[in-house]
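Structure data follow from target_9.cif (mmCIF, C-alpha atoms):
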data_model
loop_
_atom_site.label_atom_id
_atom_site.label_comp_id
_atom_site.auth_asym_id
_atom_site.auth_seq_id
_atom_site.Cartn_x
_atom_site.Cartn_y
_atom_site.Cartn_z
CA MET A 516 29.64 -17.69 -0.42
CA ILE A 517 30.60 -17.76 3.25
CA ARG A 518 28.17 -16.53 5.86
CA ILE A 519 29.62 -15.54 9.24
CA VAL A 520 27.45 -14.52 12.19
CA VAL A 521 28.88 -12.39 14.99
CA ALA A 522 26.98 -13.12 18.21
CA SER A 523 27.66 -12.71 21.93
CA GLY A 524 24.75 -13.29 24.26
CA LYS A 525 25.68 -10.38 26.51
CA GLY A 526 25.00 -6.95 25.06
CA GLY A 527 27.77 -4.42 24.72
CA THR A 528 30.57 -6.95 24.33
CA GLY A 529 31.66 -5.60 20.94
CA LYS A 530 29.64 -7.49 18.30
CA THR A 531 29.36 -4.47 16.04
CA THR A 532 32.99 -3.50 16.65
CA ILE A 533 34.11 -6.96 15.54
CA ALA A 534 31.55 -7.35 12.72
CA THR A 535 32.42 -4.02 11.07
CA SER A 536 36.14 -4.67 11.38
CA LEU A 537 35.75 -8.15 9.87
CA ALA A 538 33.80 -6.62 6.98
CA LEU A 539 36.45 -3.95 6.36
CA ALA A 540 39.23 -6.54 6.57
CA ALA A 541 37.64 -8.70 3.86
CA ARG A 542 39.40 -9.23 0.57
CA LEU A 543 36.20 -10.40 -1.15
CA PRO A 544 33.04 -8.58 -2.24
CA THR A 545 31.25 -8.41 1.11
CA ARG A 546 27.88 -7.64 2.64
CA LEU A 547 27.44 -6.49 6.22
CA MET A 548 23.95 -7.31 7.46
CA ASP A 549 22.82 -5.70 10.71
CA CYS A 550 20.36 -8.23 12.19
CA ASP A 551 19.93 -6.32 15.48
CA VAL A 552 16.61 -4.96 14.24
CA GLU A 553 15.62 -3.54 17.64
CA ALA A 554 18.66 -1.26 17.71
CA PRO A 555 20.72 -1.44 14.51
CA ASN A 556 23.86 0.66 14.74
CA ALA A 557 26.46 -0.74 12.33
CA MET A 558 25.41 2.00 9.90
CA LEU A 559 27.01 4.57 12.22
CA PHE A 560 30.42 2.99 11.55
CA LEU A 561 30.16 2.13 7.85
CA ALA A 562 28.32 5.31 6.79
CA PRO A 563 26.74 3.70 3.70
CA THR A 564 25.01 5.64 0.97
CA LEU A 565 21.45 4.38 1.25
CA ASP A 566 19.74 3.46 -2.01
CA ASP A 567 16.71 1.28 -1.22
CA THR A 568 14.11 0.58 1.45
CA LYS A 569 11.31 -1.93 1.77
CA ASP A 570 8.42 -2.47 4.22
CA VAL A 571 8.32 -5.93 5.75
CA GLY A 572 6.16 -7.89 8.15
CA ILE A 573 3.96 -10.94 8.15
CA LEU A 574 0.82 -11.88 6.25
CA ILE A 575 -2.12 -11.73 8.62
CA PRO A 576 -5.71 -12.77 7.88
CA THR A 577 -8.57 -10.50 6.97
CA PHE A 578 -12.05 -11.91 7.34
CA ASN A 579 -15.00 -11.53 5.02
CA GLU A 580 -17.83 -11.96 7.50
CA ASP A 581 -20.42 -12.26 4.69
CA ARG A 582 -18.82 -15.59 3.82
CA CYS A 583 -18.02 -16.70 7.38
CA THR A 584 -20.23 -19.46 8.81
CA TYR A 585 -18.61 -19.21 12.28
CA CYS A 586 -17.57 -22.86 12.06
CA GLY A 587 -14.56 -22.06 14.23
CA LEU A 588 -12.03 -24.12 12.27
CA CYS A 589 -9.69 -21.13 11.96
CA ALA A 590 -9.74 -20.61 15.73
CA GLN A 591 -9.10 -24.32 16.34
CA VAL A 592 -6.13 -24.50 13.97
CA CYS A 593 -4.50 -21.33 15.32
CA GLU A 594 -1.50 -22.42 17.36
CA PHE A 595 -1.23 -18.94 18.90
CA HIS A 596 -4.91 -18.40 19.79
CA ALA A 597 -5.02 -15.24 17.76
CA ILE A 598 -8.54 -16.04 16.54
CA ALA A 599 -11.62 -16.67 18.68
CA VAL A 600 -15.06 -17.68 17.46
CA VAL A 601 -17.76 -17.39 20.10
CA GLY A 602 -21.31 -17.89 18.89
CA LYS A 603 -21.78 -15.60 15.88
CA LYS A 604 -18.79 -13.45 16.76
CA LEU A 605 -15.37 -13.72 15.23
CA LEU A 606 -12.49 -12.04 17.04
CA PHE A 607 -8.95 -11.52 15.78
CA PHE A 608 -6.00 -10.44 17.92
CA PRO A 609 -3.30 -9.40 15.44
CA GLU A 610 -0.60 -9.03 18.09
CA LEU A 611 -0.81 -12.79 18.75
CA CYS A 612 -0.68 -13.74 15.05
CA HIS A 613 2.59 -15.24 13.76
CA GLY A 614 1.49 -15.18 10.10
CA CYS A 615 1.58 -18.95 9.58
CA GLY A 616 -1.39 -18.88 7.19
CA SER A 617 -3.08 -21.99 8.63
CA CYS A 618 -6.42 -20.22 9.13
CA GLY A 619 -6.69 -19.38 5.43
CA LEU A 620 -5.85 -22.95 4.46
CA VAL A 621 -8.57 -24.54 6.60
CA CYS A 622 -11.36 -22.03 5.95
CA PRO A 623 -14.02 -24.00 4.01
CA THR A 624 -15.81 -20.93 2.62
CA GLY A 625 -12.86 -18.82 1.46
CA ALA A 626 -13.72 -16.08 3.95
CA ILE A 627 -10.05 -15.49 4.82
CA THR A 628 -7.59 -13.54 2.69
CA GLU A 629 -4.17 -12.31 3.71
CA LYS A 630 -2.65 -8.86 3.90
CA LEU A 631 0.78 -7.59 4.86
CA ASP A 632 1.02 -6.36 8.44
CA VAL A 633 3.99 -4.01 8.36
CA MET A 634 6.29 -4.56 11.35
CA GLY A 635 9.36 -2.73 10.19
CA GLY A 636 11.59 -1.94 7.27
CA LEU A 637 14.73 -2.99 5.48
CA THR A 638 17.37 -0.54 4.32
CA HIS A 639 20.09 -1.18 1.76
CA GLY A 640 23.13 0.83 0.94
CA GLN A 641 26.61 0.84 -0.49
CA ALA A 642 29.34 1.45 2.05
CA THR A 643 32.71 2.80 1.10
CA LEU A 644 34.95 -0.05 0.03
CA THR A 645 36.70 -2.54 2.28
CA LEU A 646 40.28 -1.64 3.18
CA SER A 647 41.52 -3.87 0.37
CA GLY A 648 39.26 -2.11 -2.12
CA THR A 649 36.53 -4.71 -2.70
CA SER A 650 32.86 -3.75 -2.66
CA LEU A 651 31.00 -3.52 0.65
CA GLU A 652 27.23 -3.82 0.60
CA PHE A 653 25.23 -2.86 3.66
CA SER A 654 21.76 -3.90 4.74
CA GLN A 655 19.81 -3.66 7.97
CA GLY A 656 16.38 -4.30 9.40
CA THR A 657 14.53 -1.89 11.67
CA MET A 658 11.61 -2.96 13.81
CA ASN A 659 8.81 -0.45 14.32
CA VAL A 660 8.27 0.80 17.87
CA GLY A 661 5.68 -1.29 19.71
CA GLU A 662 6.09 -4.41 17.57
CA PRO A 663 6.60 -7.57 19.61
CA MET A 664 8.32 -9.84 17.06
CA ALA A 665 11.76 -9.33 15.55
CA VAL A 666 12.08 -12.70 13.79
CA PRO A 667 9.94 -11.94 10.71
CA ILE A 668 12.03 -8.84 10.00
CA ILE A 669 15.32 -10.75 10.32
CA ARG A 670 13.94 -13.52 8.10
CA GLU A 671 13.04 -11.00 5.37
CA LEU A 672 16.40 -9.24 5.76
CA LYS A 673 18.24 -12.52 5.11
CA LYS A 674 16.18 -13.06 1.95
CA TRP A 675 16.73 -9.51 0.66
CA THR A 676 19.93 -10.04 -1.26
CA ALA A 677 18.98 -9.09 -4.81
CA TYR A 678 21.91 -6.75 -5.23
CA SER A 679 25.37 -7.22 -6.69
CA PRO A 680 26.46 -10.71 -5.63
CA VAL A 681 28.91 -11.00 -2.76
CA ASP A 682 31.28 -13.77 -1.64
CA LEU A 683 31.21 -13.00 2.06
CA GLU A 684 28.31 -12.11 4.32
CA ILE A 685 28.90 -10.84 7.87
CA ARG A 686 25.79 -10.81 10.05
CA ASP A 687 25.82 -8.64 13.15
CA ALA A 688 23.45 -10.53 15.47
CA PRO A 689 21.23 -9.05 18.18
CA PRO A 690 22.23 -9.58 21.83
CA GLY A 691 20.67 -12.39 23.83
CA ALA A 692 20.13 -16.04 23.03
CA SER A 693 16.45 -16.11 22.07
CA CYS A 694 14.53 -16.44 18.80
CA PRO A 695 15.98 -13.35 17.01
CA VAL A 696 19.51 -14.67 17.63
CA VAL A 697 18.54 -18.16 16.45
CA GLU A 698 17.06 -16.66 13.29
CA SER A 699 20.24 -14.62 12.71
CA ILE A 700 22.41 -17.71 13.09
CA ARG A 701 20.24 -20.08 11.06
CA GLY A 702 21.65 -20.74 7.59
CA ALA A 703 25.11 -19.40 8.42
CA ASP A 704 28.39 -21.28 8.00
CA TYR A 705 30.29 -20.07 11.04
CA VAL A 706 29.57 -18.32 14.34
CA VAL A 707 32.05 -15.82 15.77
CA LEU A 708 31.35 -15.52 19.49
CA VAL A 709 32.44 -12.19 20.90
CA THR A 710 32.84 -12.14 24.64
CA GLU A 711 34.54 -10.27 27.41
CA PRO A 712 36.59 -12.11 30.03
CA THR A 713 34.15 -11.56 32.89
CA PRO A 714 31.69 -13.88 34.68
CA PHE A 715 28.81 -12.13 32.86
CA GLY A 716 30.53 -12.51 29.50
CA LEU A 717 31.23 -16.18 30.18
CA HIS A 718 27.69 -16.92 31.33
CA ASP A 719 26.20 -15.62 28.08
CA LEU A 720 28.99 -17.03 25.92
CA LYS A 721 28.01 -20.50 27.12
CA GLN A 722 24.40 -19.93 26.06
CA VAL A 723 25.26 -18.83 22.52
CA ALA A 724 27.97 -21.49 22.16
CA GLN A 725 25.24 -24.01 22.99
CA LEU A 726 23.02 -22.48 20.30
CA ALA A 727 25.75 -22.86 17.68
CA LYS A 728 26.23 -26.45 18.80
CA GLU A 729 22.50 -27.20 18.53
CA LEU A 730 22.52 -25.77 15.01
CA ALA A 731 25.61 -27.88 14.21
CA LEU A 732 27.72 -24.85 13.24
CA PRO A 733 31.45 -24.42 13.84
CA ALA A 734 32.27 -21.53 16.19
CA GLY A 735 35.25 -19.63 17.52
CA VAL A 736 35.71 -16.97 20.18
CA ILE A 737 37.08 -13.44 20.09
CA ILE A 738 37.90 -12.07 23.53
CA ASN A 739 37.25 -8.34 23.58
CA ARG A 740 38.44 -6.04 26.39
CA ASP A 741 41.15 -8.57 27.07
CA GLY A 742 43.05 -7.83 30.27
CA ILE A 743 40.03 -7.14 32.47
CA GLY A 744 38.26 -9.84 34.50
CA ASP A 745 39.74 -13.31 34.80
CA GLU A 746 40.91 -16.36 32.86
CA ALA A 747 37.62 -18.30 33.13
CA VAL A 748 36.62 -17.65 29.49
CA ALA A 749 39.92 -19.03 28.19
CA GLU A 750 39.57 -22.05 30.47
CA TYR A 751 36.03 -22.68 29.23
CA CYS A 752 37.16 -22.42 25.59
CA ALA A 753 39.96 -24.94 26.21
CA GLU A 754 37.61 -27.36 27.96
CA SER A 755 34.91 -27.18 25.30
CA GLY A 756 37.19 -27.20 22.27
CA LEU A 757 36.27 -23.67 21.15
CA PRO A 758 39.23 -22.02 19.39
CA ILE A 759 40.16 -18.50 20.52
CA LEU A 760 40.37 -16.66 17.20
CA GLY A 761 41.77 -13.45 18.58
CA ARG A 762 42.00 -11.03 21.48
CA VAL A 763 41.37 -7.30 21.49
CA PRO A 764 42.79 -5.59 24.57
CA MET A 765 40.97 -3.07 26.72
CA GLU A 766 42.38 0.26 25.63
CA ARG A 767 41.03 3.75 26.10
CA ARG A 768 41.91 4.79 22.52
CA PHE A 769 39.61 2.04 21.15
CA ALA A 770 36.72 3.27 23.26
CA GLU A 771 37.35 6.85 22.14
CA ALA A 772 37.51 5.87 18.46
CA ILE A 773 34.30 3.83 18.65
CA ALA A 774 32.53 6.61 20.53
CA SER A 775 33.40 8.93 17.64
CA GLY A 776 32.05 6.51 15.02
CA LYS A 777 35.33 4.98 13.85
CA THR A 778 35.81 1.26 13.39
CA LEU A 779 38.48 -0.63 15.27
CA VAL A 780 40.62 -1.43 12.19
CA GLU A 781 40.54 2.21 11.14
CA ALA A 782 41.51 3.44 14.62
CA ALA A 783 44.13 0.74 15.12
CA PRO A 784 45.38 -0.47 11.71
CA GLU A 785 47.87 -2.75 13.46
CA TYR A 786 44.88 -5.01 14.19
CA LEU A 787 43.98 -5.43 10.52
CA PRO A 788 46.15 -8.58 10.16
CA VAL A 789 44.34 -10.10 13.16
CA PHE A 790 40.99 -9.78 11.38
CA GLU A 791 42.45 -10.89 8.04
CA ASN A 792 43.82 -14.00 9.72
CA ILE A 793 40.48 -14.73 11.37
CA LEU A 794 38.72 -14.54 7.98
CA GLU A 795 41.32 -16.80 6.38
CA ARG A 796 41.06 -19.30 9.17
CA ILE A 797 37.26 -19.41 8.93
CA SER A 798 37.40 -19.68 5.17
CA GLU A 799 39.75 -22.68 5.42
CA GLN A 800 37.59 -24.33 8.06
CA VAL A 801 34.29 -24.04 6.21
CA GLY A 802 36.12 -25.14 3.09
CA ARG A 803 35.14 -22.54 0.51
CA MET B 396 -27.34 -20.12 35.65
CA LYS B 397 -24.22 -22.07 34.74
CA VAL B 398 -21.18 -20.55 36.42
CA ALA B 399 -17.53 -21.43 35.76
CA ILE B 400 -15.23 -20.96 38.77
CA SER B 401 -11.45 -21.04 38.44
CA ILE B 402 -10.02 -23.55 40.93
CA THR B 403 -6.96 -25.58 41.88
CA GLY B 404 -8.09 -29.19 42.20
CA SER B 405 -11.10 -31.07 40.91
CA GLN B 406 -13.82 -30.69 43.55
CA LEU B 407 -16.43 -28.15 44.56
CA ASP B 408 -14.49 -27.91 47.83
CA SER B 409 -11.20 -27.26 46.04
CA PRO B 410 -9.64 -23.83 46.61
CA PHE B 411 -10.65 -20.90 44.41
CA ASP B 412 -7.74 -19.83 42.17
CA ALA B 413 -7.59 -16.19 41.08
CA ARG B 414 -5.87 -16.91 37.75
CA PHE B 415 -8.09 -17.00 34.68
CA GLY B 416 -6.16 -17.95 31.50
CA ARG B 417 -3.71 -20.32 33.10
CA VAL B 418 -5.75 -21.75 35.95
CA GLY B 419 -5.62 -25.56 36.20
CA THR B 420 -9.34 -26.28 36.30
CA PHE B 421 -12.75 -24.71 35.87
CA CYS B 422 -15.55 -25.97 38.08
CA LEU B 423 -18.84 -25.60 36.19
CA VAL B 424 -21.74 -25.25 38.62
CA ASP B 425 -25.46 -24.87 38.05
CA SER B 426 -26.23 -22.14 40.58
CA GLU B 427 -29.87 -23.30 40.97
CA SER B 428 -29.54 -27.09 41.18
CA GLY B 429 -26.01 -27.20 42.64
CA GLU B 430 -24.92 -29.80 40.07
CA TRP B 431 -21.26 -29.43 39.21
CA SER B 432 -18.49 -30.87 37.08
CA ALA B 433 -14.73 -30.16 36.84
CA HIS B 434 -12.99 -29.41 33.53
CA ASP B 435 -9.23 -29.27 32.95
CA ASN B 436 -8.36 -25.90 31.41
CA LEU B 437 -7.10 -26.48 27.87
CA ALA B 438 -5.21 -23.18 27.95
CA VAL B 439 -2.98 -24.01 30.92
CA SER B 440 0.02 -24.85 28.73
CA ALA B 441 -0.70 -22.55 25.76
CA SER B 442 2.42 -20.77 24.55
CA GLY B 443 0.44 -17.57 24.16
CA GLY B 444 -3.15 -16.39 23.98
CA ALA B 445 -4.13 -18.39 27.07
CA GLY B 446 -6.88 -15.91 27.94
CA VAL B 447 -8.44 -16.16 24.48
CA LEU B 448 -8.35 -19.95 24.58
CA ALA B 449 -9.71 -20.24 28.13
CA ALA B 450 -12.52 -17.81 27.26
CA GLN B 451 -13.58 -19.89 24.26
CA PHE B 452 -13.27 -23.03 26.36
CA ILE B 453 -15.69 -21.94 29.07
CA ALA B 454 -18.04 -20.36 26.51
CA GLY B 455 -18.04 -23.74 24.77
CA LEU B 456 -18.93 -25.44 28.07
CA GLY B 457 -22.07 -23.31 28.11
CA ALA B 458 -21.06 -21.08 31.02
CA GLN B 459 -23.15 -17.90 31.31
CA ALA B 460 -20.94 -16.42 34.01
CA VAL B 461 -17.42 -16.89 35.24
CA ILE B 462 -15.80 -16.17 38.59
CA SER B 463 -12.06 -15.62 38.66
CA GLY B 464 -9.60 -13.12 40.09
CA ALA B 465 -8.56 -11.13 37.04
CA TYR B 466 -9.31 -10.81 33.33
CA GLY B 467 -6.85 -9.66 30.70
CA PRO B 468 -7.93 -7.48 27.76
CA LYS B 469 -8.19 -10.34 25.25
CA ALA B 470 -10.03 -12.59 27.70
CA TYR B 471 -12.45 -9.70 28.34
CA ASP B 472 -12.89 -9.04 24.61
CA THR B 473 -13.66 -12.72 24.00
CA LEU B 474 -15.95 -13.30 26.99
CA SER B 475 -18.03 -10.15 26.41
CA PRO B 476 -19.39 -11.03 22.93
CA ALA B 477 -19.78 -14.65 24.06
CA GLY B 478 -22.28 -13.34 26.63
CA VAL B 479 -20.31 -14.70 29.60
CA LYS B 480 -20.57 -12.32 32.56
CA MET B 481 -17.31 -11.84 34.47
CA PHE B 482 -17.33 -11.70 38.25
CA LEU B 483 -14.40 -11.03 40.57
CA GLY B 484 -13.89 -13.56 43.35
CA PRO B 485 -12.25 -12.59 46.64
CA THR B 486 -8.48 -12.75 46.35
CA GLU B 487 -7.67 -11.56 49.88
CA GLU B 488 -8.88 -14.72 51.68
CA SER B 489 -8.64 -18.43 50.87
CA LEU B 490 -12.07 -19.77 49.96
CA THR B 491 -13.34 -22.94 48.31
CA ALA B 492 -15.34 -22.91 45.08
CA ARG B 493 -18.43 -23.77 47.18
CA GLN B 494 -17.91 -20.69 49.40
CA VAL B 495 -17.33 -18.48 46.34
CA LEU B 496 -20.55 -19.82 44.80
CA GLU B 497 -22.44 -18.88 48.01
CA LEU B 498 -21.12 -15.31 47.76
CA PHE B 499 -22.21 -15.27 44.11
CA ASN B 500 -25.71 -16.50 44.98
CA GLU B 501 -25.93 -13.81 47.69
CA GLU B 502 -24.98 -11.28 44.96
CA LYS B 503 -21.91 -10.22 46.93
CA LEU B 504 -19.46 -10.46 44.02
CA ALA B 505 -18.64 -7.47 41.82
CA GLU B 506 -18.84 -7.75 38.04
CA ALA B 507 -15.71 -6.84 36.07
CA ASN B 508 -16.51 -3.87 33.84
CA GLY B 509 -13.34 -4.01 31.81
CA SER B 510 -10.11 -5.91 31.74
CA THR B 511 -8.42 -5.85 35.14
CA HIS B 512 -4.85 -5.81 33.90
CA ALA B 513 -2.88 -5.08 30.77
CA GLY B 514 -2.25 -8.65 29.68
CA TYR B 515 0.98 -10.61 29.75
CA HIS B 516 1.71 -10.86 26.06
CA GLY B 517 4.94 -9.15 25.27
CA GLY B 518 6.65 -12.10 23.70
CA ASN B 519 9.57 -12.06 21.40
CA HIS B 520 8.92 -15.07 19.26
#

Same coordinates, now as structure tokens:
Amino acid sequence: MIRIVVASGKGGTGKTTIATSLALAARLPTRLMDCDVEAPNAMLFLAPTLDDTKDVGILIPTFNEDRCTYCGLCAQVCEFHAIAVVGKKLLFFPELCHGCGSCGLVCPTGAITEKLDVMGGLTHGQATLTLSGTSLEFSQGTMNVGEPMAVPIIRELKKWTAYSPVDLEIRDAPPGASCPVVESIRGADYVVLVTEPTPFGLHDLKQVAQLAKELALPAGVIINRDGIGDEAVAEYCAESGLPILGRVPMERRFAEAIASGKTLVEAAPEYLPVFENILERISEQVGR
Amino acid sequence: MKVAISITGSQLDSPFDARFGRVGTFCLVDSESGEWSAHDNLAVSASGGAGVLAAQFIAGLGAQAVISGAYGPKAYDTLSPAGVKMFLGPTEESLTARQVLELFNEEKLAEANGSTHAGYHGGNH
């Protein structure tokens, strides 16, 4: 199986546009995974028939104070200072807890048990087929309003693959270059960097390109809204050895199609070969 | 009474620092005898939960009161059950820990009756 992540740094560069078109252009059984759990929107384009949901989160401690001796070991081991023991008082701040489980491991009296703290949900569905007629699975994570951490939801989403097996996985990453993006990229085979040819696009492209490099993953660039801005992105790609996989020009009809919920390859079928070529090229490079 | 004062430096004449969780040092003073010692704040480089850690730290030092400029909700919730009274030092003027202690001894400092701000934790880890 080949796992491709579509990331960009800057928001609104066209990650979902590219990810959904790559998925539809696939000639293999494919899964599109929307990892932008704070604002998933790939579903709007693929219109899957939803068939399963699941609550996810992290395991947080619950304390049996009858057993607690207030030794404070749990508070000492907590890297995130989510537990405080002061005198004969034990305090727990769930919003600081990362669910590592260390407190339960060090508790000498077995006063700590774990329970699921629900942070969001996963949704699975079957989209209509790819343009070549192979199956297209869909899954996404959704973070509950007010939750501070997206990573545990993305981690669970990546694990939630117990459906019909696929040969290609396309992950639509969140914007930015912080932990949720790292988690989306981790374990993938290739990173498609979507950018726009502007100083802002370039600035963020550099950050995510660096991430891919740190994670030792091959990457290539798709320039979206080509024709605006300047040539600095192309110059940067040449200097840093990043291949330009394709260019999608700035055209009003694309914006109109996307605003009405259509994917790029459906609105402009002449671009289908571009996406097919990109998939072939990646497949050759990662050698599967 | 043992009072912890948040300071920048390591002396009783070091400047009062209004930060609580991430202040560099706490000066622990015995308000009756005047004996003092300086303690590096363990929480200064904590990735999160600095208020919780600093609160446990000064409670562990045996402080019965603390003087700082502001207390977040988790610091307040940790200091309250630990029996550490929270006082608000003057943030408008630059004073040394010694001058702040004098104001405390003259009962001129207000006690914080709740957290003074909403906390800084909004992380996306």

Taking all atoms listed in the file into account, find every residue of chain A that has an atom no more than 12 Å from chain B, and write it out as a JSON list (two decimals) with C-alpha atoms, in the frame of the given file.
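Contents of the output file part.json:
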[["chain", "number", "residue", "atom", "x", "y", "z"],
["A", 553, "GLU", "CA", 15.62, -3.54, 17.64],
["A", 587, "GLY", "CA", -14.56, -22.06, 14.23],
["A", 590, "ALA", "CA", -9.74, -20.61, 15.73],
["A", 591, "GLN", "CA", -9.10, -24.32, 16.34],
["A", 592, "VAL", "CA", -6.13, -24.50, 13.97],
["A", 593, "CYS", "CA", -4.50, -21.33, 15.32],
["A", 594, "GLU", "CA", -1.50, -22.42, 17.36],
["A", 595, "PHE", "CA", -1.23, -18.94, 18.90],
["A", 596, "HIS", "CA", -4.91, -18.40, 19.79],
["A", 597, "ALA", "CA", -5.02, -15.24, 17.76],
["A", 598, "ILE", "CA", -8.54, -16.04, 16.54],
["A", 599, "ALA", "CA", -11.62, -16.67, 18.68],
["A", 600, "VAL", "CA", -15.06, -17.68, 17.46],
["A", 601, "VAL", "CA", -17.76, -17.39, 20.10],
["A", 602, "GLY", "CA", -21.31, -17.89, 18.89],
["A", 603, "LYS", "CA", -21.78, -15.60, 15.88],
["A", 604, "LYS", "CA", -18.79, -13.45, 16.76],
["A", 605, "LEU", "CA", -15.37, -13.72, 15.23],
["A", 606, "LEU", "CA", -12.49, -12.04, 17.04],
["A", 607, "PHE", "CA", -8.95, -11.52, 15.78],
["A", 608, "PHE", "CA", -6.00, -10.44, 17.92],
["A", 609, "PRO", "CA", -3.30, -9.40, 15.44],
["A", 610, "GLU", "CA", -0.60, -9.03, 18.09],
["A", 611, "LEU", "CA", -0.81, -12.79, 18.75],
["A", 612, "CYS", "CA", -0.68, -13.74, 15.05],
["A", 613, "HIS", "CA", 2.59, -15.24, 13.76],
["A", 614, "GLY", "CA", 1.49, -15.18, 10.10],
["A", 661, "GLY", "CA", 5.68, -1.29, 19.71],
["A", 662, "GLU", "CA", 6.09, -4.41, 17.57],
["A", 663, "PRO", "CA", 6.60, -7.57, 19.61],
["A", 664, "MET", "CA", 8.32, -9.84, 17.06],
["A", 665, "ALA", "CA", 11.76, -9.33, 15.55],
["A", 666, "VAL", "CA", 12.08, -12.70, 13.79],
["A", 667, "PRO", "CA", 9.94, -11.94, 10.71],
["A", 668, "ILE", "CA", 12.03, -8.84, 10.00],
["A", 669, "ILE", "CA", 15.32, -10.75, 10.32],
["A", 691, "GLY", "CA", 20.67, -12.39, 23.83],
["A", 692, "ALA", "CA", 20.13, -16.04, 23.03],
["A", 693, "SER", "CA", 16.45, -16.11, 22.07],
["A", 694, "CYS", "CA", 14.53, -16.44, 18.80],
["A", 695, "PRO", "CA", 15.98, -13.35, 17.01],
["A", 696, "VAL", "CA", 19.51, -14.67, 17.63],
["A", 697, "VAL", "CA", 18.54, -18.16, 16.45],
["A", 698, "GLU", "CA", 17.06, -16.66, 13.29]]

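Near Leu456 in chain B, within a cut-off of 12 Å and counting only C-alpha atoms, sit the residues Val601 of chain A; Lys397, Val398, Ala399, Phe421, Cys422, Leu423, Val424, Asp425, Ser432, Ala433, His434, Asp435, Asn436, Leu437, Ala449, Ala450, Ala477 and Val479 of chain B, with same-chain residues fewer than 6 positions away left out.
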
Contacts of range 620-624 of chain A at 8 Å (only C-alpha atoms; same-chain gap of 2+ positions) as a ChimeraX atom specification = /A:582-584,588-589,592,616-618,626-627

Can you write just those residues out, C-alpha atoms, as a PDB file, in the frame of the given file?
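Written output follows (selection_29.pdb):
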ATOM      1  CA  ARG A 582     -18.820 -15.590   3.820  1.00  0.00           C
ATOM      2  CA  CYS A 583     -18.020 -16.700   7.380  1.00  0.00           C
ATOM      3  CA  THR A 584     -20.230 -19.460   8.810  1.00  0.00           C
ATOM      4  CA  LEU A 588     -12.030 -24.120  12.270  1.00  0.00           C
ATOM      5  CA  CYS A 589      -9.690 -21.130  11.960  1.00  0.00           C
ATOM      6  CA  VAL A 592      -6.130 -24.500  13.970  1.00  0.00           C
ATOM      7  CA  GLY A 616      -1.390 -18.880   7.190  1.00  0.00           C
ATOM      8  CA  SER A 617      -3.080 -21.990   8.630  1.00  0.00           C
ATOM      9  CA  CYS A 618      -6.420 -20.220   9.130  1.00  0.00           C
ATOM     10  CA  ALA A 626     -13.720 -16.080   3.950  1.00  0.00           C
ATOM     11  CA  ILE A 627     -10.050 -15.490   4.820  1.00  0.00           C
TER      12      ILE A 627
END

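Ranking B:Gly467, B:Gly484, B:Pro410, B:Gly416 by their shortest atom-to-atom distance to Leu504 in chain B, with only C-alpha atoms included, puts B:Gly484 first.
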
inquiry  = I'd like the residues picked by the PyMOL selection byres ((chain B and resi 513) around 10) written out as a ChimeraX atom specification, using the chain letters and numbers from the file.
reply    = /B:466-469,510-512,514-516

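The spacing separating CA of Thr420 in chain B from CA of Leu407 in chain B amounts to 11.0 Å.
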
message = Please expand the PyMOL selection byres ((chain A and resi 541) around 8) into the concrete residues it hits in this file, giving the result as a ChimeraX atom specification.
response = /A:537-540,542-545,645-647,649,683,791,794

ask   = If we count all atoms listed in the file, what is near Asp719 in chain A at a cut-off of 12 Å, once residues fewer than 3 positions away on the same chain are taken out, given as number ranges by chain?
value = A: 522-528, 690-693, 708-716, 722-726, 748

task = Do a neighbour search on range 637-640 of chain A at 8 Å with all atoms listed in the file, toss out local chain neighbours closer than 4 positions, and write the hits as a VMD selection string.
result = chain A and resid 563 to 571 652 to 657 668 672

query = Ser401 in chain B: which residues within 8 Å, counting only C-alpha atoms, same-chain residues fewer than 2 positions away excluded, as a PyMOL selection string?
reply = chain B and resi 399+403+411-415+418-422+461-463+492

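Atom to atom, CA of Leu547 in chain A and CA of Leu717 in chain A stand 26.1 Å apart.
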
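Between CA of Glu754 in chain A and CA of Gly802 in chain A the interatomic distance comes to 25.0 Å.
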
note = Across B:Asn500, B:Ile400, B:Asn508, B:Gln494, the smallest distance to Ile453 in chain B, with all atoms listed in the file counted, is shown by B:Ile400

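Among A:Asp682, A:Glu729, A:Thr778, A:Gly529, the residue with the shortest atom-to-atom distance to Met765 in chain A, counting only C-alpha atoms, is A:Gly529.
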